[in-house]
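Trainee: What follows is a structure written as structure tokens; I'll ask about it next.
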Amino acid sequence: MATAAVTHGHPPTTTGLDHRKVAIWAFIGSECMLFASLISTYLIYKGRSVVGPFPHEACNPPLCATPLHAILNIPVTSISTFVLLMSSLTMVLALAAVENKGKPGYGGLFGSSRLWLMATAILGTTFLGFQAYEFTSFVNEGLTIRTNLFGSSFFTLTGFHGAHVTAGVLWLLTLFSIDMKRGLGPKDALLVDISALYWHFVDVVWVAIFTLVYLIH
Amino acid sequence: MDNPSTHADAVSAEQHHVMGEVHEHPTWKQYKWVALVLTLITAGEVWVYYIPSFVAGPLFVPTLLILSAVKFAIVVMFYMHLKYDHRLFRALFTGPLIVAMSTIIALMFLFSKLTLTR
């Protein structure tokens with residue numbers, strides 16, 4: 001198995017590990033707690049809405065003013081989930097391109113960190129586009145954050161996740177602009193590694209949300 | 001005259017070795033295989049969602065939870081490199097994750113979403 005050994009240069013520390021990487025893992029750990037609280041709130045309120053629309057069941061008068069179908073759009077969300085999973089692939093390819101810049105086998109277009117960073121940002125933006133479409137269609141069908149318990153917990157949970165994706169896209173665009181300005185090389189690998197860890201975390205949170213919110217009923 | 005940054009890099013590289021932080025990442029080919037597996041699992045999840053007899057059965061929820069956990073673990077191990085990284089990073093992630101999952105399960109029992117009896 002061919003592998004690439006990676007070292008990140010940083011001043012000596014008591015643990016021998018770069019503080020920035022320790023910090024991002026600690027931050028990700030704390031984010032686990034945040035999303036656990038949001039997910040558990042959603043699960044506790046699940047099935048306790050007294051008026052529609054409902055996530056997985058049709059809603060008929062008098063619970064709804066007009067008959068409504070189940071509001072969650074699984075085909076569209078499945079595509080957006082696929083898009084986010086693919087963005088994780090492009091992110092690891094961006095990191096590999098930065099770590100191995102100048103090495104044999106990492107030249108050309110597919111060895112370009114700019115290509116993969118921009119691809120990740122575009123896929124992240126596409127995911128946000130799907131989320132904007134979903135939110136808009138829900139509001140048009142009569143589900144807002146104030147409609148019922150499902151609306152409150154759903155928009156809070158997925159809204160927080162969308163805000164994290166937005167921050168990730170901005171982070172990626174910042175790295176892309178640095179790459180365009182002076183080029184990112186092996187010495188900058190830690191910068192890209194940290195943003196990649198954040199991005200993958202956003203991805204795994206969506207893995208949990210997709211199953212718990214959209215598929216299980 | 002010594003270049004300080006070069007010297008620091010050399011020292012830190014040695015320390016990385018001592019602390020075992022020098023880690024191997026998967027290759028491009030492996031990353032693509034991981035992406036394929038993640039896609040197939042997601043397709044499988046959506047597929048079982050559209051089988052009414054399976055959805056009504058007792059295995060629906062456990063199957064989805066297991067598939068989701070497998071996807072979660074694959075991303076964390078291979079894309080986040082936790083399989084290859086220093087054990088402190090593993091502890092910083094798995095510790096809070098265990099607390100978070102325990103909290104969710106405890107709250108589910110507290111609000112009667114989960115019960116030990118039928």
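Ligands are numbered from 1 in the order shown, residues from 1 within each chain, and chains are lettered A, B, ... in the order they appear in the structure tokens.
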I need the alpha helix (DSSP H) residues of segment 125-216 of chain A per DSSP on the backbone, written as a ChimeraX atom specification.
Mentor: /A:125-140,149-182,189-209
Trainee: Hey, what's within 12 Å of Met101 of chain B if we count only C-alpha atoms and toss same-chain stuff fewer than 2 positions away? As a PDB file with C-alpha atoms, in the first residue's frame, please?
Mentor:
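Resulting contents of out.pdb:
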ATOM      1  CA  GLY A  29     -15.537  17.614  20.724  1.00  0.00           C
ATOM      2  CA  CYS A  32     -20.519  17.119  19.412  1.00  0.00           C
ATOM      3  CA  MET A  33     -22.197  18.308  22.620  1.00  0.00           C
ATOM      4  CA  LEU A  34     -23.942  21.182  20.824  1.00  0.00           C
ATOM      5  CA  PHE A  35     -25.398  18.994  18.099  1.00  0.00           C
ATOM      6  CA  ALA A  36     -26.303  16.272  20.605  1.00  0.00           C
ATOM      7  CA  SER A  37     -28.444  18.822  22.461  1.00  0.00           C
ATOM      8  CA  ILE A  39     -30.703  16.390  17.999  1.00  0.00           C
ATOM      9  CA  SER A  40     -32.114  15.251  21.342  1.00  0.00           C
ATOM     10  CA  ALA A 208     -26.587  11.644  11.732  1.00  0.00           C
TER      11      ALA A 208
ATOM     12  CA  ALA B  69     -22.977   4.616  12.456  1.00  0.00           C
ATOM     13  CA  THR B  94     -14.370  10.030  21.338  1.00  0.00           C
ATOM     14  CA  GLY B  95     -14.638  11.312  24.936  1.00  0.00           C
ATOM     15  CA  PRO B  96     -17.146  14.103  24.152  1.00  0.00           C
ATOM     16  CA  LEU B  97     -18.847  11.876  21.571  1.00  0.00           C
ATOM     17  CA  ILE B  98     -19.528   9.216  24.210  1.00  0.00           C
ATOM     18  CA  VAL B  99     -20.832  11.879  26.610  1.00  0.00           C
ATOM     19  CA  THR B 103     -26.888  12.302  26.965  1.00  0.00           C
ATOM     20  CA  ILE B 104     -29.149  11.643  23.970  1.00  0.00           C
ATOM     21  CA  ILE B 105     -29.961   8.124  25.196  1.00  0.00           C
ATOM     22  CA  ALA B 106     -30.582   9.332  28.771  1.00  0.00           C
ATOM     23  CA  LEU B 107     -32.919  12.070  27.520  1.00  0.00           C
ATOM     24  CA  MET B 108     -34.789   9.558  25.357  1.00  0.00           C
TER      25      MET B 108
END
Trainee: Segment 97-101 of chain A: which residues within 10 Å, counting only C-alpha atoms, same-chain residues fewer than 2 positions away excluded, as a PyMOL selection string?
Mentor: (chain A and resi 4-8+91-95+103-107+110-117+179+183-193) or (chain B and resi 28)
Trainee: Near Lys46 of chain A, within 10 Å and counting only C-alpha atoms, which residues show up once chain neighbours fewer than 6 positions away are dropped, as a list in words?
Mentor: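 These residues fall inside the cut-off: Ser40, Phe54, Pro55, Leu149, Phe150, Ser153, Phe154, Val213 and His217 of chain A; Lys113 of chain B.
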Trainee: Tell me which protein, DNA and RNA residues are within 12 Å of Ala23 of chain A, counting only C-alpha atoms, leaving out same-chain ones fewer than 6 positions away, and put them as number ranges by chain.
Mentor: A: 17, 29-30, 194, 197-198; B: 88-89, 92-93
Trainee: Those same residues, written as a CSV table (one decimal), in the first residue's frame with C-alpha atoms?
Mentor:
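Below is the file that was written, selection-v1.csv:
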chain,number,residue,atom,x,y,z
A,17,LEU,CA,1.6,18.1,19.1
A,29,GLY,CA,-15.5,17.6,20.7
A,30,SER,CA,-17.5,20.6,22.1
A,194,ILE,CA,-7.6,22.0,10.3
A,197,LEU,CA,-11.3,18.4,10.0
A,198,TYR,CA,-14.0,21.0,10.5
B,88,LEU,CA,-4.7,12.4,22.2
B,89,PHE,CA,-6.9,13.5,19.2
B,92,LEU,CA,-10.5,14.5,22.4
B,93,PHE,CA,-13.1,13.3,20.0
Trainee: For chain B, which residue out of A:Thr156, A:Thr126, A:Ser195, A:Thr144 is the nearest one, using only C-alpha atoms?
Mentor: A:Ser195
Trainee: Using atom CA of Pro75 of chain A and atom CA of Phe138 of chain A as the two end points, give the distance in Å to one decimal.
Mentor: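 Computing the Euclidean distance for atom CA of Pro75 of chain A and atom CA of Phe138 of chain A yields 15.0 Å.
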Trainee: Which polymer residues have any atom within 12 Å of an atom of Ser137 of chain A, counting only C-alpha atoms, with same-chain residues fewer than 5 positions away left out, as a PyMOL selection string?
Mentor: chain A and resi 71-73+76+130-132+142-144
Trainee: Smallest atom-to-atom distance to Thr39 of chain B: which of A:Tyr214, A:Tyr45, A:Phe82, A:Phe176, using only C-alpha atoms?
Mentor: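 Of all the options, A:Phe82 lies closest to Thr39 of chain B.
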Trainee: Could you jot down the atom CA of Ser112 of chain B to atom CA of Phe155 of chain A separation for me, Å, one decimal place?
Mentor: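 Distance between the two atoms: 23.4 Å.
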Trainee: Neighbouring residues of Ile66 of chain B were defined as those with any atom within 12 Å, considering only C-alpha atoms; residues of the same chain fewer than 4 positions away were excluded. Please report them as a list in words.
Mentor: Val207, Ala208, Thr211 and Leu212 of chain A; Ile41, Thr42, Gly44, Glu45, Leu59, Phe60, Val61, Pro62, Val70, Lys71, Phe72 and Ala73 of chain B
Trainee: Suppose you want the space between atom CA of Thr147 of chain A and atom CA of Val51 of chain A; what is it in Å?
Mentor: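 Atom-to-atom, atom CA of Thr147 of chain A and atom CA of Val51 of chain A are spaced 7.8 Å apart.
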